[in-house]
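**Student:** Structure file query-v4.tsv (TSV, C-alpha atoms) is given on the next line.
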chain	number	residue	atom	x	y	z
A	1	MET	CA	-43.73	104.43	204.27
A	2	ASN	CA	-42.54	100.82	204.13
A	3	THR	CA	-45.53	98.44	204.29
A	4	ASP	CA	-43.38	95.92	206.19
A	5	HIS	CA	-42.60	98.60	208.78
A	6	PRO	CA	-44.06	96.95	211.94
A	7	ASN	CA	-42.45	93.59	211.15
A	8	LEU	CA	-39.26	95.30	210.02
A	9	LEU	CA	-39.06	97.30	213.24
A	10	LYS	CA	-39.48	94.12	215.29
A	11	LEU	CA	-36.83	92.23	213.30
A	12	LEU	CA	-34.36	95.11	213.36
A	13	ALA	CA	-34.85	95.73	217.08
A	14	ALA	CA	-34.04	92.05	217.74
A	15	THR	CA	-30.55	92.35	216.19
A	16	ARG	CA	-27.46	93.19	218.19
A	17	PHE	CA	-26.48	95.66	215.46
A	18	VAL	CA	-28.96	98.20	216.88
A	19	GLU	CA	-28.54	97.50	220.61
A	20	GLY	CA	-28.85	100.74	222.55
A	21	ILE	CA	-30.30	102.75	219.66
A	22	SER	CA	-33.33	104.84	220.61
A	23	HIS	CA	-36.82	103.98	219.35
A	24	ASP	CA	-36.90	107.18	217.27
A	25	HIS	CA	-33.64	106.25	215.58
A	26	LEU	CA	-34.90	102.71	214.99
A	27	GLN	CA	-37.95	104.23	213.27
A	28	GLY	CA	-35.62	106.26	211.04
A	29	LEU	CA	-33.59	103.18	210.16
A	30	CYS	CA	-36.79	101.34	209.27
A	31	ARG	CA	-37.84	104.13	206.90
A	32	ALA	CA	-34.55	103.57	205.05
A	33	SER	CA	-34.98	99.78	204.99
A	34	ARG	CA	-36.78	96.88	203.38
A	35	LEU	CA	-36.99	93.15	204.05
A	36	LEU	CA	-35.15	90.84	201.70
A	37	LYS	CA	-35.45	87.05	201.64
A	38	LEU	CA	-32.89	84.91	199.85
A	39	PRO	CA	-33.08	81.18	199.21
A	40	ALA	CA	-30.04	79.03	199.96
A	41	GLY	CA	-27.40	79.44	197.26
A	42	ALA	CA	-28.59	82.87	196.07
A	43	LYS	CA	-26.03	85.66	195.68
A	44	LEU	CA	-26.66	88.79	197.71
A	45	PHE	CA	-23.95	90.75	195.89
A	46	GLN	CA	-20.94	90.12	193.66
A	47	GLU	CA	-17.35	91.20	194.28
A	48	GLY	CA	-16.60	94.37	192.30
A	49	ALA	CA	-20.25	95.37	191.87
A	50	ILE	CA	-21.50	98.75	193.04
A	51	GLU	CA	-24.09	98.36	195.80
A	52	ASP	CA	-26.07	101.05	197.59
A	53	GLU	CA	-27.57	98.81	200.25
A	54	VAL	CA	-26.14	97.71	203.59
A	55	PHE	CA	-27.50	94.47	205.06
A	56	VAL	CA	-28.18	93.25	208.58
A	57	ILE	CA	-28.85	89.52	208.79
A	58	SER	CA	-32.09	88.73	210.63
A	59	SER	CA	-31.95	84.96	210.16
A	60	GLY	CA	-29.79	82.56	208.18
A	61	HIS	CA	-26.14	82.78	207.19
A	62	ILE	CA	-24.12	84.51	204.49
A	63	ARG	CA	-20.78	83.24	203.18
A	64	LEU	CA	-18.29	85.88	202.04
A	65	SER	CA	-15.75	84.92	199.42
A	66	MET	CA	-13.18	86.58	197.17
A	67	ASN	CA	-12.00	85.62	193.73
A	68	VAL	CA	-8.40	84.46	193.83
A	69	PRO	CA	-6.69	84.08	190.44
A	70	GLY	CA	-6.07	80.41	189.73
A	71	ARG	CA	-8.27	79.29	192.64
A	72	GLY	CA	-11.68	80.83	191.93
A	73	ASP	CA	-14.00	81.98	194.72
A	74	VAL	CA	-12.36	81.35	198.10
A	75	PRO	CA	-14.63	81.62	201.18
A	76	PHE	CA	-13.12	83.59	204.03
A	77	LEU	CA	-15.97	84.30	206.46
A	78	THR	CA	-19.45	83.14	207.41
A	79	THR	CA	-21.76	85.68	209.03
A	80	GLY	CA	-25.01	85.10	210.87
A	81	PRO	CA	-27.94	86.76	212.61
A	82	GLY	CA	-27.34	90.31	213.82
A	83	GLU	CA	-24.24	90.80	211.68
A	84	LEU	CA	-23.66	93.47	209.06
A	85	VAL	CA	-22.64	92.69	205.49
A	86	GLY	CA	-22.12	95.03	202.58
A	87	TRP	CA	-20.82	97.95	204.63
A	88	SER	CA	-19.24	99.38	201.45
A	89	GLY	CA	-22.71	100.67	200.56
A	90	LEU	CA	-22.54	102.98	203.57
A	91	ILE	CA	-18.98	104.23	203.26
A	92	GLY	CA	-16.74	104.63	200.27
A	93	ASP	CA	-17.89	104.21	196.71
A	94	GLY	CA	-20.11	101.19	197.36
A	95	ARG	CA	-17.84	98.79	195.44
A	96	MET	CA	-18.18	95.35	197.01
A	97	THR	CA	-14.92	93.80	198.16
A	98	ALA	CA	-16.35	90.27	198.33
A	99	THR	CA	-19.14	88.06	197.00
A	100	ALA	CA	-21.93	87.27	199.46
A	101	THR	CA	-23.94	84.05	199.09
A	102	ALA	CA	-26.77	82.74	201.25
A	103	ILE	CA	-25.78	79.44	202.84
A	104	ASP	CA	-29.34	78.68	203.92
A	105	ASP	CA	-32.65	80.48	203.55
A	106	THR	CA	-31.80	83.95	204.82
A	107	THR	CA	-33.81	87.02	205.82
A	108	LEU	CA	-32.02	90.35	205.71
A	109	ILE	CA	-32.82	93.93	206.48
A	110	ALA	CA	-31.59	95.90	203.48
A	111	MET	CA	-30.88	99.54	204.27
A	112	SER	CA	-30.30	102.17	201.59
A	113	GLY	CA	-26.74	103.46	202.00
A	114	ARG	CA	-27.69	106.84	200.53
A	115	ARG	CA	-30.66	107.22	202.86
A	116	LEU	CA	-28.56	106.10	205.85
A	117	GLN	CA	-25.94	108.71	204.99
A	118	GLU	CA	-28.65	111.39	204.83
A	119	LEU	CA	-30.06	110.19	208.16
A	120	CYS	CA	-26.61	110.24	209.77
A	121	ASP	CA	-25.99	113.76	208.46
A	122	SER	CA	-29.23	115.02	210.01
A	123	GLU	CA	-29.07	112.89	213.19
A	124	LYS	CA	-25.47	113.19	214.38
A	125	GLU	CA	-26.02	110.97	217.44
A	126	LEU	CA	-27.29	108.14	215.23
A	127	GLY	CA	-24.42	108.72	212.80
A	128	TYR	CA	-21.93	108.36	215.63
A	129	VAL	CA	-23.50	105.11	216.85
A	130	LEU	CA	-23.62	103.65	213.32
A	131	LEU	CA	-20.00	104.66	212.75
A	132	GLN	CA	-19.06	102.79	215.93
A	133	ARG	CA	-20.96	99.69	214.74
A	134	VAL	CA	-19.31	99.74	211.32
A	135	ALA	CA	-15.90	100.23	212.99
A	136	GLN	CA	-16.61	97.15	215.17
A	137	VAL	CA	-17.44	95.11	212.08
A	138	LEU	CA	-14.26	96.26	210.33
A	139	SER	CA	-12.21	95.49	213.43
A	140	GLN	CA	-13.66	91.97	213.65
A	141	ARG	CA	-13.00	91.37	209.94
A	142	LEU	CA	-9.42	92.60	210.33
A	143	LEU	CA	-8.89	90.23	213.27
A	144	SER	CA	-10.35	87.36	211.25
A	145	THR	CA	-7.97	88.17	208.40
A	146	ARG	CA	-4.98	88.28	210.75
A	147	LEU	CA	-5.90	84.90	212.23
A	148	GLN	CA	-6.24	83.39	208.76
A	149	LEU	CA	-2.85	84.79	207.77
A	150	MET	CA	-1.29	83.40	210.95
A	151	ASP	CA	-2.78	80.00	210.13
A	152	LEU	CA	-1.58	80.24	206.53
A	153	PHE	CA	1.99	81.00	207.57
A	154	ALA	CA	2.04	78.84	210.72
A	155	GLY	CA	4.46	76.33	209.23
A	156	GLU	CA	7.00	78.93	208.14
A	157	LYS	CA	9.94	79.73	210.40
A	158	ALA	CA	10.26	83.41	211.31
A	159	ASP	CA	13.50	85.21	210.52
A	160	THR	CA	15.44	86.21	213.62
What does this structure look like when you write it as structure tokens?
**Tutor:**
Amino acid sequence: MNTDHPNLLKLLAATRFVEGISHDHLQGLCRASRLLKLPAGAKLFQEGAIEDEVFVISSGHIRLSMNVPGRGDVPFLTTGPGELVGWSGLIGDGRMTATATAIDDTTLIAMSGRRLQELCDSEKELGYVLLQRVAQVLSQRLLSTRLQLMDLFAGEKADT
């Protein structure tokens, strides 16, 4: 069992990512988790890397960026407490679609994607709730992308 379990449970329960999840399911999530502390400027994961863990930010902020040929790493989103990063570790092949860097000292709850998948397979109710949470994150990221595209093309006249 995770030696940080009591503190981990308290930190995880304080995030909006797990709002409405039962105490038993929180316990299960904690068994699949560990605490991770990053200093400002440290990389959490690199675009293109395979990552098994999914991260919920407890404190601090993470900047997500993508490598754009000819421009280098281009930031596109900053995430903060309660938000999920690295969802690719839970669904798909775990290949990261962005680079995540700590903006300030950051504490994260790192959850094993493999263990979460096993937990979701055995606890269908929890799996459904987590699927909803990941879908919300993806929806928010899609909206953010649309807004950035609208801003990028704001000066162009639409064809009629």
**Student:** Using CA of Leu64 in chain A and CA of Glu51 in chain A as the two end points, give the distance in Å to one decimal.
**Tutor:**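 Computing it gives 15.1 Å between the two atoms.
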**Student:** For a cutoff of 8 Å around the file-coordinate point (-15.3, 80.5, 205.8), which residues qualify once you count only C-alpha atoms? I'd like the result as a PDB file with C-alpha atoms, keeping the file's coordinate frame.
**Tutor:**
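Contents of selection_27.pdb, freshly written:
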ATOM      1  CA  ARG A  63     -20.780  83.240 203.180  1.00  0.00           C
ATOM      2  CA  LEU A  64     -18.290  85.880 202.040  1.00  0.00           C
ATOM      3  CA  SER A  65     -15.750  84.920 199.420  1.00  0.00           C
ATOM      4  CA  PRO A  75     -14.630  81.620 201.180  1.00  0.00           C
ATOM      5  CA  PHE A  76     -13.120  83.590 204.030  1.00  0.00           C
ATOM      6  CA  LEU A  77     -15.970  84.300 206.460  1.00  0.00           C
ATOM      7  CA  THR A  78     -19.450  83.140 207.410  1.00  0.00           C
TER       8      THR A  78
END
**Student:** Can you measure CA of Asp73 in chain A to CA of Glu47 in chain A for me? One decimal in Å is fine.
**Tutor:**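 If I compute the distance from CA of Asp73 in chain A to CA of Glu47 in chain A, I get 9.8 Å.
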**Student:** Take the point (-29.1, 96.3, 216.9) in the file's coordinates, draw a sphere of radius 10 Å around it, and report as a ChimeraX atom specification every protein, DNA or RNA residue with an atom inside or on it, counting all atoms listed in the file.
**Tutor:** /A:11-21,26,56,82-84,130,133
**Student:** I'd like the interatomic distance between CA of Phe153 in chain A and CA of Met66 in chain A, to a tenth of an Å.
**Tutor:**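 Value for the CA of Phe153 in chain A-CA of Met66 in chain A distance: 19.2 Å.
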**Student:** Could you name the residues that touch Ala40 in chain A at 8 Å or less, counting only C-alpha atoms, but leaving out those on the same chain fewer than 4 positions away, as a list of chain:residue names?
**Tutor:**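 Skipping anything fewer than 4 positions along the chain leaves A:Thr101, A:Ala102, A:Ile103, A:Asp104, A:Asp105, A:Thr106.
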**Student:** For Val137 in chain A, work out the shell of residues within 9 Å, counting all atoms listed in the file and skipping chain neighbours fewer than 2 positions away, then give it as a list in words.
**Tutor:** Glu83, Leu84, Val85, Trp87, Gln132, Arg133, Val134, Ala135, Ser139, Gln140, Arg141 and Leu142 of chain A
**Student:** Name all residues at most 9 Å from Gln117 in chain A (count all atoms listed in the file; drop same-chain ones fewer than 6 positions away) and give them as a list in words.
**Tutor:**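 Those residues are Leu90, Ile91 and Gly127 of chain A.
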**Student:** Any idea what's packed within 12 Å of Leu38 in chain A, counting all atoms listed in the file, ignoring anything in its chain fewer than 2 positions away? Could you give it as number ranges by chain?
**Tutor:** A: 35-36, 40-45, 57-62, 100-110
